[in-house]
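Dropping work05.cif in here (mmCIF, C-alpha atoms and all ligand atoms):
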data_query
loop_
_atom_site.label_atom_id
_atom_site.label_comp_id
_atom_site.auth_asym_id
_atom_site.auth_seq_id
_atom_site.Cartn_x
_atom_site.Cartn_y
_atom_site.Cartn_z
CA PHE T 287 27.19 -46.18 -63.12
CA SER T 288 28.38 -49.69 -64.14
CA ALA T 289 25.18 -50.31 -66.07
CA ASN T 290 25.65 -47.02 -67.90
CA VAL T 291 29.29 -47.80 -68.62
CA SER T 292 28.42 -51.17 -70.08
CA HIS T 293 25.77 -49.62 -72.25
CA GLU T 294 28.07 -46.84 -73.45
CA LEU T 295 30.82 -49.36 -74.28
CA LYS T 296 28.44 -51.71 -75.99
CA THR T 297 27.13 -49.16 -78.50
CA PRO T 298 30.39 -48.50 -80.41
CA LEU T 299 31.42 -52.16 -80.10
CA THR T 300 28.16 -53.32 -81.62
CA SER T 301 28.71 -51.20 -84.70
CA ILE T 302 32.35 -52.29 -84.96
CA VAL T 303 31.28 -55.94 -84.89
CA GLY T 304 28.51 -55.20 -87.38
CA TYR T 305 30.79 -53.59 -89.97
CA ALA T 306 33.48 -56.24 -89.47
CA GLU T 307 30.98 -59.05 -89.90
CA ILE T 308 29.64 -57.71 -93.18
CA MET T 309 33.19 -57.36 -94.52
CA LYS T 310 34.19 -60.80 -93.25
CA ASN T 311 31.30 -62.38 -95.12
CA GLY T 312 32.44 -60.73 -98.33
CA MET T 313 29.20 -58.79 -98.55
CA VAL T 314 30.86 -55.47 -99.27
CA ASP T 315 31.74 -54.03 -102.63
CA PRO T 316 35.57 -53.60 -102.56
CA LYS T 317 35.04 -49.91 -103.29
CA THR T 318 33.07 -49.55 -100.06
CA VAL T 319 35.69 -51.30 -97.90
CA PRO T 320 37.60 -48.06 -97.09
CA GLU T 321 34.37 -46.44 -95.91
CA PHE T 322 33.56 -49.37 -93.62
CA ALA T 323 37.13 -49.50 -92.36
CA GLY T 324 36.84 -45.78 -91.65
CA ARG T 325 33.73 -46.32 -89.55
CA ILE T 326 35.45 -49.09 -87.62
CA TYR T 327 38.41 -46.76 -87.09
CA ASP T 328 36.18 -43.91 -85.84
CA GLU T 329 34.14 -46.11 -83.52
CA SER T 330 37.34 -47.65 -82.11
CA GLY T 331 38.71 -44.17 -81.44
CA ARG T 332 35.50 -43.32 -79.61
CA LEU T 333 35.84 -46.48 -77.55
CA ILE T 334 39.41 -45.61 -76.57
CA LYS T 335 38.39 -42.07 -75.56
CA LEU T 336 35.56 -43.52 -73.50
CA ILE T 337 37.85 -45.97 -71.73
CA GLU T 338 40.41 -43.23 -71.02
CA ASP T 339 37.70 -41.03 -69.52
CA ILE T 340 36.36 -43.92 -67.41
CA ILE T 341 39.88 -44.64 -66.12
CA ASN T 342 40.37 -40.96 -65.25
CA LEU T 343 37.06 -40.88 -63.39
CA SER T 344 37.75 -44.06 -61.44
CA ILE T 345 41.15 -42.74 -60.39
CA LEU T 346 39.33 -39.67 -59.05
CA ASP T 347 36.63 -41.81 -57.41
CA GLU T 348 39.13 -43.92 -55.56
CA GLY T 349 40.84 -40.76 -54.42
CA ASP T 350 44.16 -42.51 -53.87
CA ILE T 351 46.08 -40.54 -56.41
CA ASN T 352 49.67 -41.21 -55.57
CA ALA T 353 50.92 -38.67 -58.06
CA GLN T 354 52.78 -35.83 -56.40
CA LYS T 355 51.33 -32.36 -56.52
CA GLU T 356 53.47 -29.88 -58.36
CA SER T 357 53.53 -26.20 -59.13
CA ILE T 358 51.52 -25.47 -62.27
CA SER T 359 50.95 -22.35 -64.34
CA LEU T 360 47.39 -22.53 -65.69
CA HIS T 361 48.26 -19.88 -68.25
CA GLU T 362 51.11 -21.92 -69.74
CA MET T 363 48.93 -25.02 -69.75
CA ALA T 364 46.07 -23.20 -71.52
CA GLU T 365 48.50 -21.90 -74.18
CA GLU T 366 49.75 -25.43 -74.77
CA ILE T 367 46.22 -26.82 -75.09
CA ALA T 368 45.15 -23.98 -77.41
CA GLU T 369 47.93 -25.06 -79.76
CA GLN T 370 46.72 -28.66 -79.65
CA LEU T 371 43.14 -27.67 -80.36
CA GLU T 372 44.12 -25.32 -83.18
CA PRO T 373 43.39 -27.82 -86.01
CA SER T 374 39.82 -28.49 -84.83
CA ALA T 375 39.28 -24.78 -84.12
CA LYS T 376 40.42 -23.96 -87.66
CA GLU T 377 37.79 -26.23 -89.14
CA LYS T 378 35.14 -23.82 -87.88
CA ASN T 379 37.33 -20.72 -88.11
CA ILE T 380 37.22 -20.30 -84.34
CA SER T 381 39.72 -17.93 -82.77
CA PHE T 382 41.41 -18.62 -79.46
CA SER T 383 42.71 -16.03 -77.05
CA VAL T 384 44.47 -16.85 -73.82
CA TYR T 385 45.01 -14.06 -71.28
CA GLY T 386 46.32 -13.98 -67.78
CA ASP T 387 49.17 -13.88 -65.38
CA GLY T 388 51.66 -16.52 -64.40
CA SER T 389 49.99 -17.34 -61.07
CA ARG T 390 50.61 -20.89 -60.02
CA ILE T 391 48.55 -23.52 -58.30
CA SER T 392 49.62 -26.71 -56.60
CA GLY T 393 48.07 -29.70 -58.30
CA VAL T 394 48.37 -33.10 -59.91
CA ARG T 395 49.41 -32.18 -63.44
CA ARG T 396 47.51 -34.95 -65.17
CA ILE T 397 44.22 -34.03 -63.49
CA ILE T 398 44.60 -30.28 -63.96
CA TYR T 399 45.38 -30.95 -67.60
CA GLU T 400 42.16 -32.96 -67.97
CA ILE T 401 40.16 -30.10 -66.43
CA VAL T 402 41.59 -27.40 -68.68
CA TYR T 403 41.56 -29.62 -71.78
CA ASN T 404 37.94 -30.71 -71.38
CA LEU T 405 36.71 -27.15 -70.84
CA MET T 406 38.64 -25.79 -73.81
CA GLU T 407 37.70 -28.72 -76.03
CA ASN T 408 34.00 -28.22 -75.23
CA ALA T 409 34.32 -24.50 -75.98
CA VAL T 410 35.45 -25.46 -79.49
CA LYS T 411 33.13 -28.44 -79.99
CA TYR T 412 29.97 -26.59 -79.01
CA ASN T 413 30.91 -23.39 -80.79
CA VAL T 414 29.61 -21.96 -84.03
CA GLU T 415 31.29 -21.06 -87.31
CA ASN T 416 33.59 -18.02 -86.81
CA GLY T 417 33.13 -18.27 -83.04
CA LYS T 418 35.49 -17.20 -80.29
CA VAL T 419 37.03 -18.94 -77.30
CA LYS T 420 38.56 -16.86 -74.53
CA VAL T 421 40.57 -18.30 -71.68
CA THR T 422 41.47 -16.04 -68.76
CA VAL T 423 43.62 -16.78 -65.73
CA GLU T 424 43.22 -14.31 -62.87
CA SER T 425 44.36 -14.28 -59.31
CA ASP T 426 43.89 -12.50 -56.01
CA ASP T 427 45.56 -13.05 -52.62
CA GLU T 428 43.97 -16.42 -52.05
CA THR T 429 42.77 -17.83 -55.34
CA VAL T 430 43.68 -18.45 -58.96
CA SER T 431 40.78 -18.73 -61.34
CA LEU T 432 40.50 -20.12 -64.82
CA THR T 433 37.61 -18.96 -66.99
CA VAL T 434 36.82 -20.51 -70.34
CA SER T 435 34.17 -18.67 -72.31
CA ASP T 436 32.79 -19.34 -75.75
CA THR T 437 30.36 -17.80 -78.20
CA GLY T 438 28.75 -21.16 -78.91
CA ILE T 439 25.36 -22.79 -78.75
CA GLY T 440 24.86 -22.40 -74.98
CA ILE T 441 23.13 -24.75 -72.54
CA PRO T 442 19.43 -24.50 -71.62
CA ALA T 443 18.98 -23.16 -68.06
CA GLU T 444 17.21 -26.28 -66.78
CA GLN T 445 20.09 -28.51 -67.91
CA GLN T 446 23.00 -26.48 -66.59
CA ASP T 447 23.38 -28.60 -63.44
CA LYS T 448 22.79 -31.86 -65.22
CA VAL T 449 25.67 -31.51 -67.69
CA PHE T 450 28.07 -32.26 -64.83
CA GLU T 451 26.50 -35.69 -64.36
CA ARG T 452 28.13 -38.74 -65.89
CA PHE T 453 27.10 -39.46 -69.47
CA TYR T 454 24.65 -36.55 -69.54
CA ARG T 455 24.52 -34.85 -72.93
CA VAL T 456 22.18 -32.05 -73.94
CA ASP T 457 21.76 -33.24 -77.50
CA LYS T 458 22.57 -36.90 -77.73
CA SER T 459 22.42 -37.17 -81.50
CA HIS T 460 24.60 -34.12 -82.07
CA SER T 461 26.98 -35.26 -79.36
CA LYS T 462 27.61 -38.45 -81.25
CA GLU T 463 28.77 -36.41 -84.22
CA THR T 464 31.11 -34.37 -82.05
CA GLY T 465 32.50 -37.57 -80.56
CA GLY T 466 31.63 -36.66 -76.98
CA THR T 467 31.62 -39.24 -74.20
CA GLY T 468 29.44 -37.27 -71.78
CA LEU T 469 32.15 -37.66 -69.16
CA GLY T 470 34.22 -34.51 -69.75
CA LEU T 471 32.39 -32.22 -67.33
CA SER T 472 32.15 -34.88 -64.62
CA ILE T 473 35.93 -35.20 -64.82
CA VAL T 474 36.09 -31.40 -64.49
CA LYS T 475 33.78 -31.50 -61.46
CA HIS T 476 35.60 -34.33 -59.65
CA GLY T 477 39.04 -33.04 -60.60
CA ALA T 478 38.10 -29.66 -59.15
CA LEU T 479 36.76 -31.28 -55.95
CA PHE T 480 40.03 -33.16 -55.55
CA HIS T 481 41.88 -29.82 -55.67
CA HIS T 482 39.41 -27.99 -53.39
CA ALA T 483 38.41 -25.84 -56.33
CA LYS T 484 34.94 -24.50 -57.10
CA VAL T 485 33.24 -24.71 -60.49
CA SER T 486 30.56 -22.31 -61.68
CA MET T 487 28.76 -21.85 -64.96
CA LYS T 488 26.96 -19.09 -66.80
CA SER T 489 25.34 -19.98 -70.06
CA LYS T 490 22.74 -18.61 -72.40
CA LEU T 491 21.14 -20.57 -75.19
CA GLY T 492 22.36 -19.32 -78.55
CA GLU T 493 24.86 -16.91 -76.99
CA GLY T 494 27.53 -18.94 -75.29
CA THR T 495 28.90 -20.50 -72.16
CA GLU T 496 31.35 -19.44 -69.51
CA ILE T 497 32.77 -21.88 -66.98
CA THR T 498 35.03 -20.76 -64.13
CA VAL T 499 37.15 -22.92 -61.85
CA VAL T 500 38.50 -21.18 -58.74
CA PHE T 501 41.55 -22.86 -57.18
CA PRO T 502 43.21 -22.04 -53.90
CA LYS T 503 46.50 -20.27 -54.59
CA GLU T 504 49.71 -22.22 -54.20
CA GLU T 505 51.28 -21.49 -50.84
CA GLU T 506 54.55 -19.67 -51.08
P1 LIG V 1 30.75 -34.48 -74.00
O1 LIG V 1 31.79 -35.53 -74.09
O2 LIG V 1 29.44 -34.89 -74.58
O3 LIG V 1 31.23 -33.16 -74.51
P2 LIG V 1 30.74 -33.29 -71.33
O4 LIG V 1 30.55 -33.94 -70.02
O5 LIG V 1 32.03 -32.58 -71.56
O6 LIG V 1 30.47 -34.38 -72.44
O7 LIG V 1 29.56 -32.27 -71.54
C1 LIG V 1 28.22 -32.70 -71.31
C2 LIG V 1 27.27 -31.97 -72.24
O8 LIG V 1 27.20 -30.59 -71.87
C3 LIG V 1 27.70 -31.96 -73.70
O9 LIG V 1 27.25 -33.12 -74.37
C4 LIG V 1 27.02 -30.71 -74.22
O10 LIG V 1 25.67 -31.00 -74.53
C5 LIG V 1 27.05 -29.77 -73.03
N1 LIG V 1 28.18 -28.81 -73.06
C6 LIG V 1 29.37 -28.92 -72.44
N2 LIG V 1 30.16 -27.84 -72.65
C7 LIG V 1 29.43 -26.99 -73.43
C8 LIG V 1 29.67 -25.70 -74.00
N3 LIG V 1 30.82 -25.05 -73.79
N4 LIG V 1 28.67 -25.15 -74.72
C9 LIG V 1 27.49 -25.79 -74.94
N5 LIG V 1 27.21 -27.02 -74.43
C10 LIG V 1 28.16 -27.62 -73.69
#
If you took the structure in this file and wrote it as structure tokens, what would it be?
Ligand code: ADP
Amino acid sequence: FSANVSHELKTPLTSIVGYAEIMKNGMVDPKTVPEFAGRIYDESGRLIKLIEDIINLSILDEGDINAQKESISLHEMAEEIAEQLEPSAKEKNISFSVYGDGSRISGVRRIIYEIVYNLMENAVKYNVENGKVKVTVESDDETVSLTVSDTGIGIPAEQQDKVFERFYRVDKSHSKETGGTGLGLSIVKHGALFHHAKVSMKSKLGEGTEITVVFPKEEE
């Protein structure tokens, strides 16, 4: 993992240094400076996202999360995240719908947030023009489940297990465009494990993806 991390950190840093060096040496037409600055800005943002994801994963790895568990409504959280993702959804004219009841789980807010956010963000990122994202929260006597489904590009059957591995991306070149770190789904997997929740996936290439996380219900 450390070797992978170093490699993943080195890539954006190398281009940042490259652009900065060319500018430093005065080799850039002043008109092109904003473009180069923009690339440095984007790559730095990518680096920050990567570091945040790595920190989140190492917190989960160490397992000594001293944050208190609290009562959380997945439905409220999904509504909040849908609002945050609205601008990027709009770019592709993607519609969001969030359904469900107010069932609550007991969890560490920050981790649960990462789980829901990563799933919903992926449902937008890997969606198509005019696509749909549906989030459903359902419960029975013992469990509360969160399902995020999209009408996006789907994941090939033979890679459906692999996408939960660290840094695994189906389409590496495309993933760079979408700004992915390849860590989102491993945070989902480990965050779910921490909360004794189960993750399952159904996906069909060219049709869409549905990921469900089943949590134990909060004890009353
Ligand atoms: P990334 O930061 O690249 O999005 P993730 O760990 O969240 O990393 O996902 C790993 C890979 O799984 C993605 O690069 C993408 O290829 C694929 N993937 C994840 N979610 C979806 C989805 N909803 N639809 C299609 N492909 C997906």
How would you report the residues lying within 7 Å of ligand LIG 1 (chain V), as an MDAnalysis selection string, if you count all atoms listed in the file?
chainID T and resid 404:405 408:409 412:413 436 438:441 449:450 452:458 461 465:472 494:495
Between atom CA of Ile334 of chain T and atom CA of Ile398 of chain T, what is the spacing in Å?
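Separating atom CA of Ile398 of chain T from atom CA of Ile334 of chain T is a distance of 20.5 Å.
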Counting all atoms listed in the file, the option among T:Lys475, T:Lys488, T:His293, T:Lys310 closest to Glu400 of chain T:
T:Lys475
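Atom CA of Ile367 of chain T sits 10.2 Å away from atom CA of Val384 of chain T.
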I'd like the neighbourhood of Met363 of chain T as a PyMOL selection string, where a residue qualifies if any of its atoms comes within 8 Å (using all atoms listed in the file), though same-chain residues fewer than 4 positions away should be ignored.
chain T and resi 358-359+367+399+402
Would you kindly return, as a PyMOL selection string, each protein, DNA or RNA residue with an atom no farther than 7 Å from any atom of Tyr385 of chain T, considering all atoms listed in the file and excluding same-chain residues fewer than 6 positions away?
chain T and resi 421-423
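The two atoms in question, atom CA of Glu424 of chain T and atom CA of Ile391 of chain T, are spaced 11.6 Å apart.
Closest approach to Val485 of chain T from the set T:Ile380, T:Met406, T:Ile401, T:Met309 is made by T:Ile401, with distances taken over all atoms listed in the file.
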Enumerate, as a PyMOL selection string, the protein, DNA and RNA residues whose atoms approach (37.2, -22.3, -61.9) to within 7 Å, taking into account only C-alpha atoms and the coordinate frame of the file.
chain T and resi 431-433+483-486+497-501
Serialized selection, C-alpha atoms, as a PDB file, keeping the file's coordinate frame:
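To be explicit, this is the file written out as out.pdb:
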ATOM      1  CA  SER T 431      40.780 -18.730 -61.340  1.00  0.00           C
ATOM      2  CA  LEU T 432      40.500 -20.120 -64.820  1.00  0.00           C
ATOM      3  CA  THR T 433      37.610 -18.960 -66.990  1.00  0.00           C
ATOM      4  CA  ALA T 483      38.410 -25.840 -56.330  1.00  0.00           C
ATOM      5  CA  LYS T 484      34.940 -24.500 -57.100  1.00  0.00           C
ATOM      6  CA  VAL T 485      33.240 -24.710 -60.490  1.00  0.00           C
ATOM      7  CA  SER T 486      30.560 -22.310 -61.680  1.00  0.00           C
ATOM      8  CA  ILE T 497      32.770 -21.880 -66.980  1.00  0.00           C
ATOM      9  CA  THR T 498      35.030 -20.760 -64.130  1.00  0.00           C
ATOM     10  CA  VAL T 499      37.150 -22.920 -61.850  1.00  0.00           C
ATOM     11  CA  VAL T 500      38.500 -21.180 -58.740  1.00  0.00           C
ATOM     12  CA  PHE T 501      41.550 -22.860 -57.180  1.00  0.00           C
TER      13      PHE T 501
END
T:Leu333, T:Val414, T:Ile345, T:Leu299 ranked by distance to Arg396 of chain T, top pick (using all atoms listed in the file)
T:Ile345
At a cut-off of 12 Å, using only C-alpha atoms, what residues contact Gly393 of chain T? Leave out same-chain residues fewer than 6 positions from it and give the result as a list in words.
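Once the nearby chain positions are removed, what remains is Ile351, Asn352, Ala353, Gln354, Lys355, Glu356, Ser357, Ile358, Ser359, Leu360, Tyr399, Glu400, Ile401, Gly477, Ala478, Leu479, Phe480, His481, His482, Ala483, Phe501, Pro502, Lys503, Glu504 and Glu505 of chain T.
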What does the file look like for those residues with C-alpha atoms, as an mmCIF file, in the frame of the given file?
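To be explicit, this is the file written out as again-v3.cif:
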data_model
loop_
_atom_site.group_PDB
_atom_site.id
_atom_site.type_symbol
_atom_site.label_atom_id
_atom_site.label_comp_id
_atom_site.auth_asym_id
_atom_site.auth_seq_id
_atom_site.Cartn_x
_atom_site.Cartn_y
_atom_site.Cartn_z
ATOM 1 C CA ILE T 351 46.080 -40.540 -56.410
ATOM 2 C CA ASN T 352 49.670 -41.210 -55.570
ATOM 3 C CA ALA T 353 50.920 -38.670 -58.060
ATOM 4 C CA GLN T 354 52.780 -35.830 -56.400
ATOM 5 C CA LYS T 355 51.330 -32.360 -56.520
ATOM 6 C CA GLU T 356 53.470 -29.880 -58.360
ATOM 7 C CA SER T 357 53.530 -26.200 -59.130
ATOM 8 C CA ILE T 358 51.520 -25.470 -62.270
ATOM 9 C CA SER T 359 50.950 -22.350 -64.340
ATOM 10 C CA LEU T 360 47.390 -22.530 -65.690
ATOM 11 C CA TYR T 399 45.380 -30.950 -67.600
ATOM 12 C CA GLU T 400 42.160 -32.960 -67.970
ATOM 13 C CA ILE T 401 40.160 -30.100 -66.430
ATOM 14 C CA GLY T 477 39.040 -33.040 -60.600
ATOM 15 C CA ALA T 478 38.100 -29.660 -59.150
ATOM 16 C CA LEU T 479 36.760 -31.280 -55.950
ATOM 17 C CA PHE T 480 40.030 -33.160 -55.550
ATOM 18 C CA HIS T 481 41.880 -29.820 -55.670
ATOM 19 C CA HIS T 482 39.410 -27.990 -53.390
ATOM 20 C CA ALA T 483 38.410 -25.840 -56.330
ATOM 21 C CA PHE T 501 41.550 -22.860 -57.180
ATOM 22 C CA PRO T 502 43.210 -22.040 -53.900
ATOM 23 C CA LYS T 503 46.500 -20.270 -54.590
ATOM 24 C CA GLU T 504 49.710 -22.220 -54.200
ATOM 25 C CA GLU T 505 51.280 -21.490 -50.840
#
Using only C-alpha atoms, which residues sit within 12 Å of Glu369 of chain T once same-chain residues fewer than 6 positions away are excluded, as a PyMOL selection string?
chain T and resi 362-363+375-376+381-384+403+406-407
With C-alpha atoms retained, export the selected residues as an mmCIF file, in the frame of the given file.
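Written output follows (again31.cif):
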data_model
loop_
_atom_site.group_PDB
_atom_site.id
_atom_site.type_symbol
_atom_site.label_atom_id
_atom_site.label_comp_id
_atom_site.auth_asym_id
_atom_site.auth_seq_id
_atom_site.Cartn_x
_atom_site.Cartn_y
_atom_site.Cartn_z
ATOM 1 C CA GLU T 362 51.110 -21.920 -69.740
ATOM 2 C CA MET T 363 48.930 -25.020 -69.750
ATOM 3 C CA ALA T 375 39.280 -24.780 -84.120
ATOM 4 C CA LYS T 376 40.420 -23.960 -87.660
ATOM 5 C CA SER T 381 39.720 -17.930 -82.770
ATOM 6 C CA PHE T 382 41.410 -18.620 -79.460
ATOM 7 C CA SER T 383 42.710 -16.030 -77.050
ATOM 8 C CA VAL T 384 44.470 -16.850 -73.820
ATOM 9 C CA TYR T 403 41.560 -29.620 -71.780
ATOM 10 C CA MET T 406 38.640 -25.790 -73.810
ATOM 11 C CA GLU T 407 37.700 -28.720 -76.030
#
With 8 Å added on each side, what axis-aligned box encloses every listed atom of segment 310-317 of chain T? Give the centre and edge lengths in Å to one decimal, as lines of an AutoDock Vina configuration file.
center_x = 32.4
center_y = -56.1
center_z = -98.3
size_x = 22.4
size_y = 28.5
size_z = 26.0
